Amino acid sequence: MPTFGFEFEYAKSARSACKQCKEKIEKDTLRVGLKVVTDPGEEADADARKKAHAMESAKWHHLGCFPRIKGKTWFRQHLPEEPLSIAGFDALKKEDQAEVKLMLSSCRGEEPAPEPTETPKGKKRAASKEPKSSKKSKFFAKENDAVSALSTEEQQSIEAVKVELAKKNVAALGAMLAQNGLPKSGRKDELLERVAEAKALGVPCCGTSCW
Ligand SMILES: [Zn+2]
């Protein structure tokens with residue numbers, strides 16, 4: 001079974017072409033090499049050795065083209081986990097190393113923060129979770145907006161007034177509302193809410209004396 005070798009380097013000349021897009025790789029452009037390393041084994045004859053050696057010369061690719069040369073599954077199987085273990089990585093400029101890391105993640109189809117166990121099942125779950133939760137939070141945000149037309153301070157004072165008003169009966173609450181030109185229909189908790197809100201916010205009210 002062949003193993004695969006990867007390497008990074010700045011193109012020494014403009015003579016190589018990308019195996020993916022067939023375009024020329026300019027000199028000094030960061031390129032990614034892929035070579036198939038076959039182990040002919042001890043009993044291999046000269047021909048097999050020669051063939052294996054020929055396959056060892058790297059095929060070059062643009063950094064951006066490299067993730068497209070194989071499927072994600074293949075990359076997950078063959079790409080080294082640790083970029084430092086890839087030939088030439090160490091010698092790259094810092095910013096290029098960062099680029100390479102991103103490129104390697106995209107080869108494997110990983111998110112910026114990959115999970116340790118990468119299974120298609122887990123992937124699917126994570127993907128379906130994403131829009132669901134964002135939808136939910138959107139909904140909550142909307143709901144909160146409606147509720148918090150009142151400031152926290154206002155809500156607190158309403159709560160305080162409510163505790164006070166809870167001691168009163170429905171008739172008393174209704175009378176208070178009527179006095180201020182507010183509807184007095186509803187259950188006690190509804191009246192309570194209405195009185196408390198009007199009282200705490202002072203609207204609509206003819207003055208402090210009316211409460
Ligand atoms: Zn290319």
# chains A, B, ... in the order shown; residues from 1 in each chain; ligands from 1
>>> residues_near_ligand(ligand="ligand 1", cutoff="6 Å", atoms="only C-alpha atoms and all ligand atoms", output="PyMOL selection string")
chain A and resi 18+20-21+23+61-62+65
>>> write_last_selection(atoms="N, CA and C atoms", output="PDB file, in the first residue's frame")
ATOM      1  N   CYS A  18       0.726  23.624 -11.720  1.00  0.00           N
ATOM      2  CA  CYS A  18      -0.180  23.046 -10.733  1.00  0.00           C
ATOM      3  C   CYS A  18      -0.907  21.856 -11.364  1.00  0.00           C
ATOM      4  N   GLN A  20      -3.527  20.547 -10.393  1.00  0.00           N
ATOM      5  CA  GLN A  20      -4.976  20.689 -10.276  1.00  0.00           C
ATOM      6  C   GLN A  20      -5.527  21.620 -11.354  1.00  0.00           C
ATOM      7  N   CYS A  21      -5.014  22.843 -11.425  1.00  0.00           N
ATOM      8  CA  CYS A  21      -5.592  23.806 -12.368  1.00  0.00           C
ATOM      9  C   CYS A  21      -4.760  23.932 -13.646  1.00  0.00           C
ATOM     10  N   GLU A  23      -2.272  25.518 -14.230  1.00  0.00           N
ATOM     11  CA  GLU A  23      -1.619  26.816 -14.412  1.00  0.00           C
ATOM     12  C   GLU A  23      -0.188  26.754 -13.899  1.00  0.00           C
ATOM     13  N   HIS A  61       1.274  21.769  -6.436  1.00  0.00           N
ATOM     14  CA  HIS A  61      -0.054  22.396  -6.494  1.00  0.00           C
ATOM     15  C   HIS A  61       0.001  23.772  -5.849  1.00  0.00           C
ATOM     16  N   HIS A  62      -0.852  24.658  -6.344  1.00  0.00           N
ATOM     17  CA  HIS A  62      -1.039  25.925  -5.637  1.00  0.00           C
ATOM     18  C   HIS A  62      -1.644  25.604  -4.271  1.00  0.00           C
ATOM     19  N   CYS A  65      -5.316  25.419  -4.535  1.00  0.00           N
ATOM     20  CA  CYS A  65      -5.842  24.315  -5.346  1.00  0.00           C
ATOM     21  C   CYS A  65      -5.758  22.984  -4.608  1.00  0.00           C
TER      22      CYS A  65
END
>>> residues_around(residues="region 101-108 of chain A", least_positions_apart="3", cutoff="7 Å", atoms="only C-alpha atoms", output="ChimeraX atom specification")
/A:67,72-73,75-76,83,97-98
>>> write_last_selection(atoms="N, CA and C atoms", output="mmCIF file, in the first residue's frame")
data_model
loop_
_atom_site.group_PDB
_atom_site.id
_atom_site.type_symbol
_atom_site.label_atom_id
_atom_site.label_comp_id
_atom_site.auth_asym_id
_atom_site.auth_seq_id
_atom_site.Cartn_x
_atom_site.Cartn_y
_atom_site.Cartn_z
ATOM 1 N N PRO A 67 -6.612 21.681 -1.652
ATOM 2 C CA PRO A 67 -7.757 21.005 -1.021
ATOM 3 C C PRO A 67 -8.705 20.350 -2.024
ATOM 4 N N LYS A 72 -12.360 14.928 1.116
ATOM 5 C CA LYS A 72 -12.089 15.176 2.540
ATOM 6 C C LYS A 72 -11.710 13.904 3.288
ATOM 7 N N THR A 73 -12.366 12.815 2.918
ATOM 8 C CA THR A 73 -12.080 11.543 3.579
ATOM 9 C C THR A 73 -10.634 11.132 3.342
ATOM 10 N N PHE A 75 -8.149 13.106 2.679
ATOM 11 C CA PHE A 75 -7.263 13.983 3.440
ATOM 12 C C PHE A 75 -7.225 13.589 4.919
ATOM 13 N N ARG A 76 -8.399 13.239 5.427
ATOM 14 C CA ARG A 76 -8.447 12.852 6.846
ATOM 15 C C ARG A 76 -7.610 11.601 7.094
ATOM 16 N N PRO A 83 0.988 19.853 11.394
ATOM 17 C CA PRO A 83 1.603 20.486 10.227
ATOM 18 C C PRO A 83 3.131 20.482 10.290
ATOM 19 N N GLN A 97 2.669 29.928 7.279
ATOM 20 C CA GLN A 97 2.350 28.778 8.127
ATOM 21 C C GLN A 97 0.893 28.834 8.550
ATOM 22 N N ALA A 98 0.428 30.040 8.858
ATOM 23 C CA ALA A 98 -0.972 30.216 9.253
ATOM 24 C C ALA A 98 -1.890 29.858 8.090
#
>>> residues_around(residues="Lys27 (chain A)", least_positions_apart="2", cutoff="9 Å", atoms="only C-alpha atoms", output="list in words")
Tyr10, Ala11, Lys12, Ser13, Ala14, Arg15, Ser16, Ile25, Thr29 and Leu30 of chain A
>>> write_last_selection(atoms="C-alpha atoms", output="short mmCIF file (atom, residue, chain, number, x, y, z; two decimals), in the first residue's frame")
data_model
loop_
_atom_site.label_atom_id
_atom_site.label_comp_id
_atom_site.auth_asym_id
_atom_site.auth_seq_id
_atom_site.Cartn_x
_atom_site.Cartn_y
_atom_site.Cartn_z
CA TYR A 10 8.55 28.26 -2.32
CA ALA A 11 8.81 27.44 -6.00
CA LYS A 12 12.45 27.49 -7.00
CA SER A 13 11.54 28.41 -10.54
CA ALA A 14 8.47 29.19 -12.60
CA ARG A 15 8.78 25.89 -14.43
CA SER A 16 6.34 23.81 -12.44
CA ILE A 25 3.28 28.13 -10.45
CA THR A 29 5.05 31.05 -4.80
CA LEU A 30 4.26 28.74 -1.93
#
>>> residues_around(residues="Val37 (chain A)", least_positions_apart="4", cutoff="6 Å", atoms="only C-alpha atoms", output="list of chain:residue names")
A:Pro2, A:Thr3, A:Phe4, A:Glu56
>>> residues_around(residues="Ser57 (chain A)", least_positions_apart="4", cutoff="9 Å", atoms="only C-alpha atoms", output="MDAnalysis selection string")
chainID A and resid 33:37 53
>>> closest_residue(among="A:Asn180, A:Ser151, A:Asp96, A:Ala196", to="Glu164 (chain A)", atoms="only C-alpha atoms")
A:Ala196
>>> residues_around(residues="Asn169 (chain A)", least_positions_apart="2", cutoff="12 Å", atoms="only C-alpha atoms", output="list in words")
Glu164, Leu165, Ala166, Lys167, Ala171, Ala172, Leu173, Gly174, Ala175, Met176, Arg187, Lys188, Asp189, Leu191 and Leu192 of chain A
>>> residues_around(residues="Leu63 (chain A)", least_positions_apart="2", cutoff="6 Å", atoms="only C-alpha atoms", output="list in words")
Arg31, Val32, Cys65 and Phe66 of chain A
>>> write_last_selection(atoms="C-alpha atoms", output="PDB file, in the first residue's frame")
ATOM      1  CA  ARG A  31       3.478  25.371  -3.422  1.00  0.00           C
ATOM      2  CA  VAL A  32       2.319  22.080  -1.995  1.00  0.00           C
ATOM      3  CA  CYS A  65      -5.842  24.315  -5.346  1.00  0.00           C
ATOM      4  CA  PHE A  66      -4.545  21.634  -3.035  1.00  0.00           C
TER       5      PHE A  66
END
>>> closest_residue(among="A:Lys70, A:Leu182, A:Ile86, A:Ala58", to="Gly109 (chain A)", atoms="only C-alpha atoms")
A:Lys70
>>> atom_distance(atom1="CA of Ser157 (chain A)", atom2="CA of Arg194 (chain A)")
13.2 Å
>>> atom_distance(atom1="CA of Phe8 (chain A)", atom2="CA of Glu110 (chain A)")
20.5 Å
>>> closest_residue(among="A:Asp28, A:Glu153, A:Glu159, A:Glu9", to="Val195 (chain A)", atoms="only C-alpha atoms")
A:Glu159
>>> atom_distance(atom1="CA of Val163 (chain A)", atom2="CA of Ala178 (chain A)")
20.4 Å
